[in-house]
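Structure, as structure tokens:
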There are 2 protein chains.
Amino acid sequence: MDKENGNGSCCRQEETHCPVEATIGLIGGKYKSLILWKLAGGTLRFSQLKREVSCATPKMLTQQLRELEADGLIVREVFPVVPPKVEYSLTDFGQSIRPVLEAMYDWGSGYLARQGLAANCSMTPLSRERC
Amino acid sequence: MDKENGNGSCCRQEETHCPVEATIGLIGGKYKSLILWKLAGGTLRFSQLKREVSCATPKMLTQQLRELEADGLIVREVFPVVPPKVEYSLTDFGQSIRPVLEAMYDWGSGYLARQGLAANCSMTPLSRERC
DNA sequence: CAGCATCCAATTAGATACTG
DNA sequence: CAGTATCTAATTGGATGCTG
């Protein structure tokens with residue numbers, strides 16, 4: 001084991017070994033849960049994701065997608081054609097987070113209702129997207 | 001209804017009506033999940049929380065606690081004694097998030113294992129705290 | 001189409017010192 | 001004991017323009 005941190009501190013976010021915080025780290029990023037939710041509905045191209053997650057700038061979208069890819073939640077497939085075509089889809093591991101997202105969805109719905117707010121976002125696969 | 005946002009945009013984080021993002025907004029803050037987890041074990045005083053969540057500075061701890069309180073997840077009870085005594089505990093609503101945290105815990109554990117990392121944090125009520 | 005580069009404003013969080 | 005106040009370093013994210 002490398003030298004233990006000298007000070008009494010410990011919680012470096014980058015090396016957190018807490019399951020819950022790790023989960024938040026993976027899906028808590030801006031638009032990440034929405035991206036995952038969308039991809040749960042099937043493979044999407046970058047331009048489609050941009051439309052589905054219209055609040056995200058291309059820069060942010062790219063950034064979040066790269067992080068999700070690095071974390072093994074999604075795959076990025078580049079087709080060497082003109083014009084360029086890039087497809088994103090969930091890995092098996094990415095698929096496995098659905099129950100967690102659904103638990104969060106259910107609990108969050110209760111919270112919104114408690115606040116007198118309607119859940120109006122594009123996250124329900126059945127609803128018209130509103131973002 | 002007040003004037004709809006003029007631009008095509010919509011996703012103001014502060015007014016997101018997405019259940020999943022609302023959930024992340026409530027428990028995604030720094031140390032929040034850890035605080036909730038600790039309080040799930042029973043009422044704690046500020047000084048006890050500071051010890052349990054040793055990575056958080058008093059400032060951050062106070063800030064996160066106030067937010068959790070404002071969101072109705074915890075209650076802050078002040079005892080007018082000397083020296084001061086303040087107790088924090090979960091509301092019923094706060095208790096209701098346990099299943100969500102546990103789903104995140106389980107999935108996050110799988111992720112850590114997948115990365116070859118051991119889950120060594122103070123989140124398991126039974127393990128010795130390591131923060 | 002699928003981005004990357006650059007600049008910049010706003011937010012975040014740590015350290016430190018102080019208080020009723 | 002349970003915070004608050006202040007300052008500052010670092011990070012985040014939006015806007016804009018450009019490219020293979």
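We label chains A, B, ... in the order they appear in the structure tokens, count residues from 1 in each chain, and number ligands from 1 in the order shown.
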Post-fit chain A coords, all in-order Cα pairs vs chain B, as a tab-separated table (two decimals) with N, CA and C atoms, in the first residue's frame:
chain	number	residue	atom	x	y	z
A	1	MET	N	-50.14	30.61	-15.20
A	1	MET	CA	-48.70	30.28	-15.33
A	1	MET	C	-47.91	31.53	-15.69
A	2	ASP	N	-46.79	31.71	-15.05
A	2	ASP	CA	-45.98	32.86	-15.37
A	2	ASP	C	-45.40	32.71	-16.76
A	3	LYS	N	-44.86	33.78	-17.25
A	3	LYS	CA	-44.36	33.77	-18.63
A	3	LYS	C	-43.36	32.64	-18.84
A	4	GLU	N	-43.61	31.90	-19.86
A	4	GLU	CA	-42.70	30.79	-20.19
A	4	GLU	C	-41.35	31.37	-20.58
A	5	ASN	N	-40.31	30.60	-20.33
A	5	ASN	CA	-38.97	31.10	-20.66
A	5	ASN	C	-38.89	31.42	-22.15
A	6	GLY	N	-38.46	32.62	-22.43
A	6	GLY	CA	-38.45	33.10	-23.79
A	6	GLY	C	-37.61	32.28	-24.74
A	7	ASN	N	-36.41	31.95	-24.32
A	7	ASN	CA	-35.55	31.15	-25.19
A	7	ASN	C	-36.01	29.71	-25.19
A	8	GLY	N	-35.41	28.94	-26.05
A	8	GLY	CA	-35.82	27.55	-26.15
A	8	GLY	C	-35.35	26.73	-24.96
A	9	SER	N	-34.52	27.32	-24.14
A	9	SER	CA	-33.95	26.57	-23.01
A	9	SER	C	-35.01	26.22	-21.99
A	10	CYS	N	-34.62	25.44	-21.01
A	10	CYS	CA	-35.62	25.03	-20.06
A	10	CYS	C	-35.04	24.51	-18.75
A	11	CYS	N	-33.86	23.93	-18.79
A	11	CYS	CA	-33.39	23.14	-17.66
A	11	CYS	C	-32.71	23.94	-16.56
A	12	ARG	N	-33.36	24.93	-16.04
A	12	ARG	CA	-32.78	25.64	-14.90
A	12	ARG	C	-32.70	24.66	-13.75
A	13	GLN	N	-31.49	24.45	-13.27
A	13	GLN	CA	-31.28	23.42	-12.26
A	13	GLN	C	-32.16	23.66	-11.03
A	14	GLU	N	-32.37	24.94	-10.73
A	14	GLU	CA	-33.10	25.27	-9.50
A	14	GLU	C	-34.57	24.93	-9.63
A	15	GLU	N	-35.07	24.81	-10.83
A	15	GLU	CA	-36.49	24.58	-11.00
A	15	GLU	C	-36.75	23.31	-11.79
A	16	THR	N	-35.79	22.44	-11.77
A	16	THR	CA	-35.96	21.19	-12.49
A	16	THR	C	-37.13	20.40	-11.92
A	17	HIS	N	-37.94	19.93	-12.76
A	17	HIS	CA	-39.04	19.10	-12.31
A	17	HIS	C	-38.85	17.67	-12.78
A	18	CYS	N	-37.61	17.26	-12.83
A	18	CYS	CA	-37.30	15.89	-13.19
A	18	CYS	C	-37.07	15.11	-11.90
A	19	PRO	N	-37.82	14.07	-11.69
A	19	PRO	CA	-37.70	13.29	-10.45
A	19	PRO	C	-36.28	12.84	-10.17
A	20	VAL	N	-35.60	12.30	-11.16
A	20	VAL	CA	-34.26	11.79	-10.91
A	20	VAL	C	-33.29	12.92	-10.58
A	21	GLU	N	-33.38	14.00	-11.34
A	21	GLU	CA	-32.49	15.12	-11.06
A	21	GLU	C	-32.85	15.80	-9.75
A	22	ALA	N	-34.11	15.77	-9.41
A	22	ALA	CA	-34.52	16.31	-8.12
A	22	ALA	C	-33.88	15.48	-7.00
A	23	THR	N	-33.91	14.18	-7.17
A	23	THR	CA	-33.29	13.30	-6.18
A	23	THR	C	-31.81	13.59	-6.06
A	24	ILE	N	-31.15	13.69	-7.19
A	24	ILE	CA	-29.72	14.00	-7.16
A	24	ILE	C	-29.49	15.35	-6.49
A	25	GLY	N	-30.37	16.28	-6.79
A	25	GLY	CA	-30.23	17.60	-6.17
A	25	GLY	C	-30.35	17.55	-4.66
A	26	LEU	N	-31.17	16.65	-4.18
A	26	LEU	CA	-31.40	16.56	-2.74
A	26	LEU	C	-30.30	15.82	-2.01
A	27	ILE	N	-29.80	14.76	-2.61
A	27	ILE	CA	-28.82	13.94	-1.89
A	27	ILE	C	-27.44	13.95	-2.53
A	28	GLY	N	-27.30	14.65	-3.66
A	28	GLY	CA	-26.03	14.65	-4.37
A	28	GLY	C	-25.00	15.60	-3.80
A	29	GLY	N	-25.43	16.52	-2.96
A	29	GLY	CA	-24.50	17.48	-2.38
A	29	GLY	C	-23.40	16.80	-1.59
A	30	LYS	N	-22.32	17.53	-1.43
A	30	LYS	CA	-21.16	16.95	-0.77
A	30	LYS	C	-21.50	16.49	0.64
A	31	TYR	N	-21.18	15.24	0.94
A	31	TYR	CA	-21.37	14.61	2.25
A	31	TYR	C	-22.82	14.31	2.58
A	32	LYS	N	-23.76	14.73	1.73
A	32	LYS	CA	-25.17	14.56	2.09
A	32	LYS	C	-25.56	13.10	2.27
A	33	SER	N	-25.15	12.28	1.32
A	33	SER	CA	-25.53	10.87	1.44
A	33	SER	C	-24.93	10.27	2.71
A	34	LEU	N	-23.71	10.67	3.01
A	34	LEU	CA	-23.06	10.15	4.22
A	34	LEU	C	-23.78	10.62	5.47
A	35	ILE	N	-24.16	11.89	5.47
A	35	ILE	CA	-24.91	12.44	6.61
A	35	ILE	C	-26.22	11.68	6.80
A	36	LEU	N	-26.93	11.48	5.70
A	36	LEU	CA	-28.21	10.77	5.80
A	36	LEU	C	-28.00	9.35	6.32
A	37	TRP	N	-26.96	8.72	5.81
A	37	TRP	CA	-26.67	7.34	6.22
A	37	TRP	C	-26.40	7.27	7.72
A	38	LYS	N	-25.63	8.24	8.17
A	38	LYS	CA	-25.30	8.29	9.60
A	38	LYS	C	-26.54	8.53	10.44
A	39	LEU	N	-27.36	9.46	9.99
A	39	LEU	CA	-28.56	9.78	10.76
A	39	LEU	C	-29.59	8.66	10.70
A	40	ALA	N	-29.46	7.82	9.68
A	40	ALA	CA	-30.36	6.66	9.61
A	40	ALA	C	-30.11	5.74	10.80
A	41	GLY	N	-28.92	5.87	11.36
A	41	GLY	CA	-28.59	5.05	12.53
A	41	GLY	C	-29.10	5.65	13.82
A	42	GLY	N	-29.68	6.83	13.73
A	42	GLY	CA	-30.21	7.47	14.93
A	42	GLY	C	-29.80	8.93	15.02
A	43	THR	N	-30.43	9.62	15.93
A	43	THR	CA	-30.16	11.04	16.16
A	43	THR	C	-28.70	11.27	16.53
A	44	LEU	N	-28.15	12.36	16.02
A	44	LEU	CA	-26.76	12.71	16.35
A	44	LEU	C	-26.62	14.19	16.62
A	45	ARG	N	-25.69	14.51	17.48
A	45	ARG	CA	-25.38	15.91	17.74
A	45	ARG	C	-24.41	16.41	16.67
A	46	PHE	N	-24.28	17.72	16.60
A	46	PHE	CA	-23.39	18.30	15.60
A	46	PHE	C	-21.97	17.77	15.75
A	47	SER	N	-21.50	17.74	16.96
A	47	SER	CA	-20.12	17.29	17.19
A	47	SER	C	-19.93	15.82	16.81
A	48	GLN	N	-20.97	15.05	17.00
A	48	GLN	CA	-20.88	13.64	16.62
A	48	GLN	C	-20.83	13.50	15.11
A	49	LEU	N	-21.66	14.28	14.44
A	49	LEU	CA	-21.65	14.25	12.98
A	49	LEU	C	-20.28	14.69	12.46
A	50	LYS	N	-19.70	15.66	13.13
A	50	LYS	CA	-18.40	16.16	12.71
A	50	LYS	C	-17.36	15.05	12.80
A	51	ARG	N	-17.53	14.20	13.79
A	51	ARG	CA	-16.60	13.10	13.95
A	51	ARG	C	-16.88	12.01	12.90
A	52	GLU	N	-18.14	11.76	12.67
A	52	GLU	CA	-18.52	10.71	11.72
A	52	GLU	C	-18.18	11.12	10.28
A	53	VAL	N	-18.37	12.38	9.99
A	53	VAL	CA	-18.07	12.90	8.66
A	53	VAL	C	-16.85	13.80	8.79
A	54	SER	N	-15.76	13.20	9.18
A	54	SER	CA	-14.58	13.98	9.56
A	54	SER	C	-13.96	14.74	8.40
A	55	CYS	N	-14.31	14.36	7.19
A	55	CYS	CA	-13.75	15.03	6.03
A	55	CYS	C	-14.39	16.39	5.81
A	56	ALA	N	-15.55	16.60	6.35
A	56	ALA	CA	-16.26	17.86	6.15
A	56	ALA	C	-15.81	18.91	7.17
A	57	THR	N	-15.54	20.10	6.69
A	57	THR	CA	-15.25	21.20	7.61
A	57	THR	C	-16.57	21.61	8.26
A	58	PRO	N	-16.49	22.23	9.44
A	58	PRO	CA	-17.73	22.68	10.11
A	58	PRO	C	-18.59	23.50	9.16
A	59	LYS	N	-17.95	24.34	8.41
A	59	LYS	CA	-18.70	25.19	7.48
A	59	LYS	C	-19.52	24.37	6.50
A	60	MET	N	-18.85	23.40	5.87
A	60	MET	CA	-19.54	22.55	4.91
A	60	MET	C	-20.63	21.73	5.57
A	61	LEU	N	-20.30	21.18	6.71
A	61	LEU	CA	-21.27	20.35	7.42
A	61	LEU	C	-22.53	21.16	7.73
A	62	THR	N	-22.33	22.33	8.28
A	62	THR	CA	-23.47	23.20	8.59
A	62	THR	C	-24.28	23.48	7.34
A	63	GLN	N	-23.58	23.81	6.29
A	63	GLN	CA	-24.25	24.16	5.04
A	63	GLN	C	-25.11	23.01	4.51
A	64	GLN	N	-24.51	21.83	4.48
A	64	GLN	CA	-25.24	20.68	3.98
A	64	GLN	C	-26.42	20.33	4.88
A	65	LEU	N	-26.20	20.46	6.19
A	65	LEU	CA	-27.29	20.17	7.12
A	65	LEU	C	-28.45	21.14	6.93
A	66	ARG	N	-28.12	22.40	6.70
A	66	ARG	CA	-29.18	23.38	6.51
A	66	ARG	C	-29.99	23.11	5.25
A	67	GLU	N	-29.27	22.65	4.22
A	67	GLU	CA	-29.97	22.33	2.98
A	67	GLU	C	-30.88	21.12	3.17
A	68	LEU	N	-30.35	20.12	3.85
A	68	LEU	CA	-31.15	18.92	4.10
A	68	LEU	C	-32.39	19.28	4.92
A	69	GLU	N	-32.20	20.20	5.84
A	69	GLU	CA	-33.31	20.64	6.68
A	69	GLU	C	-34.35	21.39	5.84
A	70	ALA	N	-33.86	22.30	5.01
A	70	ALA	CA	-34.76	23.08	4.17
A	70	ALA	C	-35.54	22.18	3.21
A	71	ASP	N	-34.93	21.07	2.83
A	71	ASP	CA	-35.60	20.15	1.91
A	71	ASP	C	-36.49	19.15	2.64
A	72	GLY	N	-36.54	19.27	3.95
A	72	GLY	CA	-37.45	18.42	4.71
A	72	GLY	C	-36.95	17.02	4.98
A	73	LEU	N	-35.65	16.80	4.82
A	73	LEU	CA	-35.11	15.46	5.04
A	73	LEU	C	-34.69	15.24	6.48
A	74	ILE	N	-34.28	16.29	7.14
A	74	ILE	CA	-33.85	16.18	8.53
A	74	ILE	C	-34.47	17.28	9.38
A	75	VAL	N	-34.43	17.08	10.67
A	75	VAL	CA	-34.87	18.12	11.60
A	75	VAL	C	-33.71	18.53	12.49
A	76	ARG	N	-33.68	19.78	12.79
A	76	ARG	CA	-32.64	20.34	13.66
A	76	ARG	C	-33.32	20.81	14.94
A	77	GLU	N	-32.86	20.27	16.03
A	77	GLU	CA	-33.47	20.63	17.30
A	77	GLU	C	-32.44	21.29	18.19
A	78	VAL	N	-32.74	22.51	18.58
A	78	VAL	CA	-31.82	23.27	19.42
A	78	VAL	C	-32.26	23.21	20.87
A	79	PHE	N	-31.33	22.82	21.74
A	79	PHE	CA	-31.64	22.81	23.17
A	79	PHE	C	-30.98	24.02	23.82
A	80	PRO	N	-31.79	24.85	24.43
A	80	PRO	CA	-31.27	26.09	25.02
A	80	PRO	C	-30.55	25.82	26.33
A	81	VAL	N	-29.41	25.17	26.21
A	81	VAL	CA	-28.61	24.87	27.39
A	81	VAL	C	-27.19	25.38	27.19
A	82	VAL	N	-26.42	25.35	28.28
A	82	VAL	CA	-25.02	25.71	28.19
A	82	VAL	C	-24.19	24.55	28.69
A	83	PRO	N	-23.26	24.04	27.89
A	83	PRO	CA	-22.95	24.52	26.52
A	83	PRO	C	-24.04	24.13	25.54
A	84	PRO	N	-24.07	24.80	24.39
A	84	PRO	CA	-25.11	24.57	23.38
A	84	PRO	C	-25.21	23.11	22.99
A	85	LYS	N	-26.40	22.70	22.63
A	85	LYS	CA	-26.62	21.33	22.18
A	85	LYS	C	-27.63	21.34	21.04
A	86	VAL	N	-27.22	20.75	19.93
A	86	VAL	CA	-28.09	20.70	18.77
A	86	VAL	C	-28.14	19.27	18.25
A	87	GLU	N	-29.33	18.78	18.06
A	87	GLU	CA	-29.48	17.40	17.59
A	87	GLU	C	-30.10	17.36	16.20
A	88	TYR	N	-29.59	16.44	15.42
A	88	TYR	CA	-30.12	16.25	14.08
A	88	TYR	C	-30.69	14.84	13.94
A	89	SER	N	-31.81	14.75	13.26
A	89	SER	CA	-32.40	13.43	13.02
A	89	SER	C	-33.19	13.44	11.72
A	90	LEU	N	-33.47	12.26	11.21
A	90	LEU	CA	-34.23	12.17	9.97
A	90	LEU	C	-35.71	12.42	10.21
A	91	THR	N	-36.35	13.05	9.25
A	91	THR	CA	-37.81	13.13	9.27
A	91	THR	C	-38.33	11.83	8.69
A	92	ASP	N	-39.64	11.66	8.72
A	92	ASP	CA	-40.20	10.48	8.08
A	92	ASP	C	-39.84	10.47	6.60
A	93	PHE	N	-39.90	11.65	6.02
A	93	PHE	CA	-39.55	11.76	4.61
A	93	PHE	C	-38.08	11.39	4.40
A	94	GLY	N	-37.24	11.82	5.30
A	94	GLY	CA	-35.83	11.47	5.22
A	94	GLY	C	-35.62	9.96	5.35
A	95	GLN	N	-36.39	9.36	6.23
A	95	GLN	CA	-36.30	7.91	6.39
A	95	GLN	C	-36.67	7.20	5.09
A	96	SER	N	-37.62	7.80	4.38
A	96	SER	CA	-38.14	7.12	3.19
A	96	SER	C	-37.13	6.99	2.06
A	97	ILE	N	-35.98	7.66	2.21
A	97	ILE	CA	-35.01	7.57	1.12
A	97	ILE	C	-34.07	6.39	1.29
A	98	ARG	N	-34.16	5.73	2.41
A	98	ARG	CA	-33.26	4.60	2.65
A	98	ARG	C	-33.20	3.58	1.53
A	99	PRO	N	-34.32	3.15	1.01
A	99	PRO	CA	-34.27	2.17	-0.09
A	99	PRO	C	-33.47	2.68	-1.29
A	100	VAL	N	-33.59	3.97	-1.55
A	100	VAL	CA	-32.85	4.55	-2.67
A	100	VAL	C	-31.35	4.50	-2.39
A	101	LEU	N	-30.98	4.91	-1.19
A	101	LEU	CA	-29.57	4.88	-0.82
A	101	LEU	C	-29.04	3.45	-0.88
A	102	GLU	N	-29.88	2.51	-0.47
A	102	GLU	CA	-29.43	1.13	-0.48
A	102	GLU	C	-29.27	0.58	-1.90
A	103	ALA	N	-30.16	1.00	-2.78
A	103	ALA	CA	-30.02	0.60	-4.19
A	103	ALA	C	-28.72	1.17	-4.75
A	104	MET	N	-28.44	2.42	-4.39
A	104	MET	CA	-27.21	3.05	-4.86
A	104	MET	C	-26.00	2.35	-4.24
A	105	TYR	N	-26.14	1.97	-3.00
A	105	TYR	CA	-25.05	1.29	-2.31
A	105	TYR	C	-24.72	-0.04	-2.98
A	106	ASP	N	-25.76	-0.78	-3.28
A	106	ASP	CA	-25.55	-2.08	-3.91
A	106	ASP	C	-24.92	-1.94	-5.29
A	107	TRP	N	-25.47	-1.05	-6.08
A	107	TRP	CA	-24.94	-0.88	-7.44
A	107	TRP	C	-23.51	-0.33	-7.38
A	108	GLY	N	-23.30	0.63	-6.50
A	108	GLY	CA	-21.97	1.21	-6.36
A	108	GLY	C	-20.94	0.19	-5.90
A	109	SER	N	-21.37	-0.71	-5.06
A	109	SER	CA	-20.46	-1.77	-4.61
A	109	SER	C	-20.01	-2.62	-5.79
A	110	GLY	N	-20.96	-2.91	-6.66
A	110	GLY	CA	-20.62	-3.68	-7.85
A	110	GLY	C	-19.62	-2.93	-8.72
A	111	TYR	N	-19.83	-1.64	-8.84
A	111	TYR	CA	-18.90	-0.83	-9.63
A	111	TYR	C	-17.50	-0.86	-9.02
A	112	LEU	N	-17.43	-0.67	-7.72
A	112	LEU	CA	-16.12	-0.66	-7.06
A	112	LEU	C	-15.42	-2.02	-7.23
A	113	ALA	N	-16.18	-3.07	-7.05
A	113	ALA	CA	-15.62	-4.41	-7.21
A	113	ALA	C	-15.08	-4.58	-8.63
A	114	ARG	N	-15.87	-4.08	-9.58
A	114	ARG	CA	-15.50	-4.13	-10.99
A	114	ARG	C	-14.18	-3.39	-11.23
A	115	GLN	N	-13.95	-2.40	-10.42
A	115	GLN	CA	-12.71	-1.61	-10.56
A	115	GLN	C	-11.59	-2.19	-9.71
A	116	GLY	N	-11.88	-3.27	-9.06
A	116	GLY	CA	-10.87	-3.87	-8.20
A	116	GLY	C	-10.66	-3.10	-6.92
A	117	LEU	N	-11.66	-2.32	-6.53
A	117	LEU	CA	-11.53	-1.52	-5.31
A	117	LEU	C	-12.42	-2.09	-4.22
A	118	ALA	N	-11.93	-2.02	-3.02
A	118	ALA	CA	-12.74	-2.45	-1.89
A	118	ALA	C	-13.57	-1.28	-1.39
A	119	ALA	N	-14.77	-1.56	-0.97
A	119	ALA	CA	-15.63	-0.51	-0.42
A	119	ALA	C	-15.21	-0.23	1.01
A	120	ASN	N	-14.35	0.74	1.17
A	120	ASN	CA	-13.90	1.05	2.52
A	120	ASN	C	-14.30	2.46	2.89
A	121	CYS	N	-15.49	2.59	3.38
A	121	CYS	CA	-15.93	3.89	3.86
A	121	CYS	C	-16.73	3.65	5.11
A	122	SER	N	-17.14	4.73	5.71
A	122	SER	CA	-17.82	4.59	6.99
A	122	SER	C	-19.32	4.40	6.81
A	123	MET	N	-19.71	4.04	5.62
A	123	MET	CA	-21.15	4.00	5.36
A	123	MET	C	-21.84	2.75	5.85
A	124	THR	N	-21.10	1.69	6.00
A	124	THR	CA	-21.75	0.50	6.52
A	124	THR	C	-21.86	0.66	8.03
A	125	PRO	N	-23.07	0.59	8.52
A	125	PRO	CA	-23.31	0.81	9.95
A	125	PRO	C	-22.51	-0.14	10.81
A	126	LEU	N	-22.11	-1.24	10.23
A	126	LEU	CA	-21.42	-2.26	11.00
A	126	LEU	C	-19.91	-2.09	11.00
A	127	SER	N	-19.41	-1.50	9.93
A	127	SER	CA	-17.95	-1.39	9.82
A	127	SER	C	-17.42	-0.26	10.70
A	128	ARG	N	-16.15	-0.36	11.01
A	128	ARG	CA	-15.50	0.72	11.73
A	128	ARG	C	-15.41	1.91	10.78
A	129	GLU	N	-15.69	3.10	11.30
A	129	GLU	CA	-15.69	4.24	10.38
A	129	GLU	C	-14.28	4.51	9.87
A	130	ARG	N	-14.20	4.88	8.66
A	130	ARG	CA	-12.93	5.20	8.02
A	130	ARG	C	-13.06	6.53	7.29
A	131	CYS	N	-14.26	6.94	7.03
A	131	CYS	CA	-14.61	8.15	6.28
A	131	CYS	C	-14.07	8.14	4.87
List the neighbours of DA5 (chain D) out to 12 Å using only C-alpha atoms (C1' of nucleotides); skip same-chain residues closer than 3 positions along the sequence, and give me the result as a list in words.
Lys59 of chain B; DT16, DA17, DC18 and DT19 of chain C
Between C1' of DT12 (chain D) and C1' of DG3 (chain C) - distance in Å to one decimal:
20.1 Å
Near chain B, 10 Å: chain D residue rows, closest pairs, only C-alpha atoms (C1' of nucleotides), as CSV:
residue,atom,partner,partner_atom,distance
D:DC1,C1',B:Pro84,CA,5.1
D:DA2,C1',B:Pro84,CA,6.6
D:DG3,C1',B:Pro58,CA,7.6
D:DT4,C1',B:Lys59,CA,8.4
Writer output for current selection, all heavy atoms, as a PDB file, in the first residue's frame:
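selection-v4.pdb was written with the following content:
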ATOM      1  P    DC D   1     -17.038  20.059  22.828  1.00  0.00           P
ATOM      2  OP1  DC D   1     -17.362  18.665  22.687  1.00  0.00           O
ATOM      3  OP2  DC D   1     -16.142  20.662  21.830  1.00  0.00           O
ATOM      4  O5'  DC D   1     -18.395  20.865  22.805  1.00  0.00           O
ATOM      5  C5'  DC D   1     -19.544  20.389  23.428  1.00  0.00           C
ATOM      6  C4'  DC D   1     -20.660  21.227  22.897  1.00  0.00           C
ATOM      7  O4'  DC D   1     -20.305  22.625  23.060  1.00  0.00           O
ATOM      8  C3'  DC D   1     -20.927  21.013  21.412  1.00  0.00           C
ATOM      9  O3'  DC D   1     -22.336  20.897  21.248  1.00  0.00           O
ATOM     10  C2'  DC D   1     -20.382  22.260  20.723  1.00  0.00           C
ATOM     11  C1'  DC D   1     -20.454  23.318  21.824  1.00  0.00           C
ATOM     12  N1   DC D   1     -19.350  24.317  21.752  1.00  0.00           N
ATOM     13  C2   DC D   1     -19.675  25.678  21.620  1.00  0.00           C
ATOM     14  O2   DC D   1     -20.854  26.007  21.536  1.00  0.00           O
ATOM     15  N3   DC D   1     -18.685  26.591  21.583  1.00  0.00           N
ATOM     16  C4   DC D   1     -17.408  26.189  21.679  1.00  0.00           C
ATOM     17  N4   DC D   1     -16.457  27.139  21.640  1.00  0.00           N
ATOM     18  C5   DC D   1     -17.053  24.812  21.825  1.00  0.00           C
ATOM     19  C6   DC D   1     -18.045  23.917  21.851  1.00  0.00           C
ATOM     20  P    DA D   2     -22.949  20.293  19.919  1.00  0.00           P
ATOM     21  OP1  DA D   2     -24.286  19.764  20.240  1.00  0.00           O
ATOM     22  OP2  DA D   2     -21.947  19.413  19.313  1.00  0.00           O
ATOM     23  O5'  DA D   2     -23.149  21.565  18.993  1.00  0.00           O
ATOM     24  C5'  DA D   2     -24.082  22.560  19.404  1.00  0.00           C
ATOM     25  C4'  DA D   2     -23.933  23.779  18.532  1.00  0.00           C
ATOM     26  O4'  DA D   2     -22.680  24.430  18.835  1.00  0.00           O
ATOM     27  C3'  DA D   2     -23.908  23.477  17.023  1.00  0.00           C
ATOM     28  O3'  DA D   2     -24.773  24.373  16.340  1.00  0.00           O
ATOM     29  C2'  DA D   2     -22.457  23.724  16.653  1.00  0.00           C
ATOM     30  C1'  DA D   2     -22.110  24.845  17.610  1.00  0.00           C
ATOM     31  N9   DA D   2     -20.680  25.056  17.796  1.00  0.00           N
ATOM     32  C8   DA D   2     -19.664  24.139  17.792  1.00  0.00           C
ATOM     33  N7   DA D   2     -18.465  24.651  17.963  1.00  0.00           N
ATOM     34  C5   DA D   2     -18.706  26.018  18.088  1.00  0.00           C
ATOM     35  C6   DA D   2     -17.851  27.116  18.287  1.00  0.00           C
ATOM     36  N6   DA D   2     -16.526  27.007  18.394  1.00  0.00           N
ATOM     37  N1   DA D   2     -18.411  28.348  18.390  1.00  0.00           N
ATOM     38  C2   DA D   2     -19.739  28.452  18.273  1.00  0.00           C
ATOM     39  N3   DA D   2     -20.665  27.479  18.082  1.00  0.00           N
ATOM     40  C4   DA D   2     -20.068  26.276  18.000  1.00  0.00           C
ATOM     41  P    DG D   3     -25.230  23.954  14.835  1.00  0.00           P
ATOM     42  OP1  DG D   3     -26.210  24.961  14.413  1.00  0.00           O
ATOM     43  OP2  DG D   3     -25.586  22.540  14.887  1.00  0.00           O
ATOM     44  O5'  DG D   3     -23.900  24.057  13.931  1.00  0.00           O
ATOM     45  C5'  DG D   3     -23.751  25.174  13.062  1.00  0.00           C
ATOM     46  C4'  DG D   3     -23.340  26.410  13.838  1.00  0.00           C
ATOM     47  O4'  DG D   3     -22.115  26.124  14.550  1.00  0.00           O
ATOM     48  C3'  DG D   3     -23.014  27.602  12.974  1.00  0.00           C
ATOM     49  O3'  DG D   3     -24.181  28.365  12.766  1.00  0.00           O
ATOM     50  C2'  DG D   3     -21.986  28.386  13.777  1.00  0.00           C
ATOM     51  C1'  DG D   3     -21.473  27.364  14.802  1.00  0.00           C
ATOM     52  N9   DG D   3     -20.026  27.121  14.698  1.00  0.00           N
ATOM     53  C8   DG D   3     -19.390  25.922  14.467  1.00  0.00           C
ATOM     54  N7   DG D   3     -18.085  26.002  14.466  1.00  0.00           N
ATOM     55  C5   DG D   3     -17.840  27.357  14.711  1.00  0.00           C
ATOM     56  C6   DG D   3     -16.611  28.054  14.824  1.00  0.00           C
ATOM     57  O6   DG D   3     -15.460  27.620  14.715  1.00  0.00           O
ATOM     58  N1   DG D   3     -16.815  29.412  15.073  1.00  0.00           N
ATOM     59  C2   DG D   3     -18.049  30.010  15.201  1.00  0.00           C
ATOM     60  N2   DG D   3     -18.044  31.324  15.431  1.00  0.00           N
ATOM     61  N3   DG D   3     -19.196  29.376  15.107  1.00  0.00           N
ATOM     62  C4   DG D   3     -19.023  28.050  14.854  1.00  0.00           C
ATOM     63  P    DT D   4     -24.360  29.152  11.425  1.00  0.00           P
ATOM     64  OP1  DT D   4     -25.743  29.678  11.368  1.00  0.00           O
ATOM     65  OP2  DT D   4     -23.846  28.267  10.378  1.00  0.00           O
ATOM     66  O5'  DT D   4     -23.359  30.391  11.552  1.00  0.00           O
ATOM     67  C5'  DT D   4     -23.600  31.400  12.523  1.00  0.00           C
ATOM     68  C4'  DT D   4     -22.524  32.468  12.398  1.00  0.00           C
ATOM     69  O4'  DT D   4     -21.229  31.889  12.705  1.00  0.00           O
ATOM     70  C3'  DT D   4     -22.406  33.064  10.993  1.00  0.00           C
ATOM     71  O3'  DT D   4     -22.380  34.481  11.117  1.00  0.00           O
ATOM     72  C2'  DT D   4     -21.086  32.503  10.468  1.00  0.00           C
ATOM     73  C1'  DT D   4     -20.291  32.285  11.733  1.00  0.00           C
ATOM     74  N1   DT D   4     -19.287  31.208  11.634  1.00  0.00           N
ATOM     75  C2   DT D   4     -17.956  31.523  11.756  1.00  0.00           C
ATOM     76  O2   DT D   4     -17.552  32.658  11.931  1.00  0.00           O
ATOM     77  N3   DT D   4     -17.099  30.454  11.669  1.00  0.00           N
ATOM     78  C4   DT D   4     -17.435  29.124  11.478  1.00  0.00           C
ATOM     79  O4   DT D   4     -16.575  28.257  11.419  1.00  0.00           O
ATOM     80  C5   DT D   4     -18.854  28.864  11.352  1.00  0.00           C
ATOM     81  C7   DT D   4     -19.320  27.478  11.142  1.00  0.00           C
ATOM     82  C6   DT D   4     -19.698  29.896  11.432  1.00  0.00           C
TER      83       DT D   4
END
Using only C-alpha atoms (C1' of nucleotides), I'd like a table of the residues in chain C that come within 10 Å of chain B; for each, show the closest atom pair and its distance in Å rounded to one decimal, ordered by chain and ascending number, as JSON lines.
{"residue": "C:DA13", "atom": "C1'", "partner": "B:Met60", "partner_atom": "CA", "distance": 7.7}
{"residue": "C:DG14", "atom": "C1'", "partner": "B:Thr57", "partner_atom": "CA", "distance": 8.1}
{"residue": "C:DA15", "atom": "C1'", "partner": "B:Thr57", "partner_atom": "CA", "distance": 9.5}
{"residue": "C:DG20", "atom": "C1'", "partner": "B:Pro84", "partner_atom": "CA", "distance": 9.6}
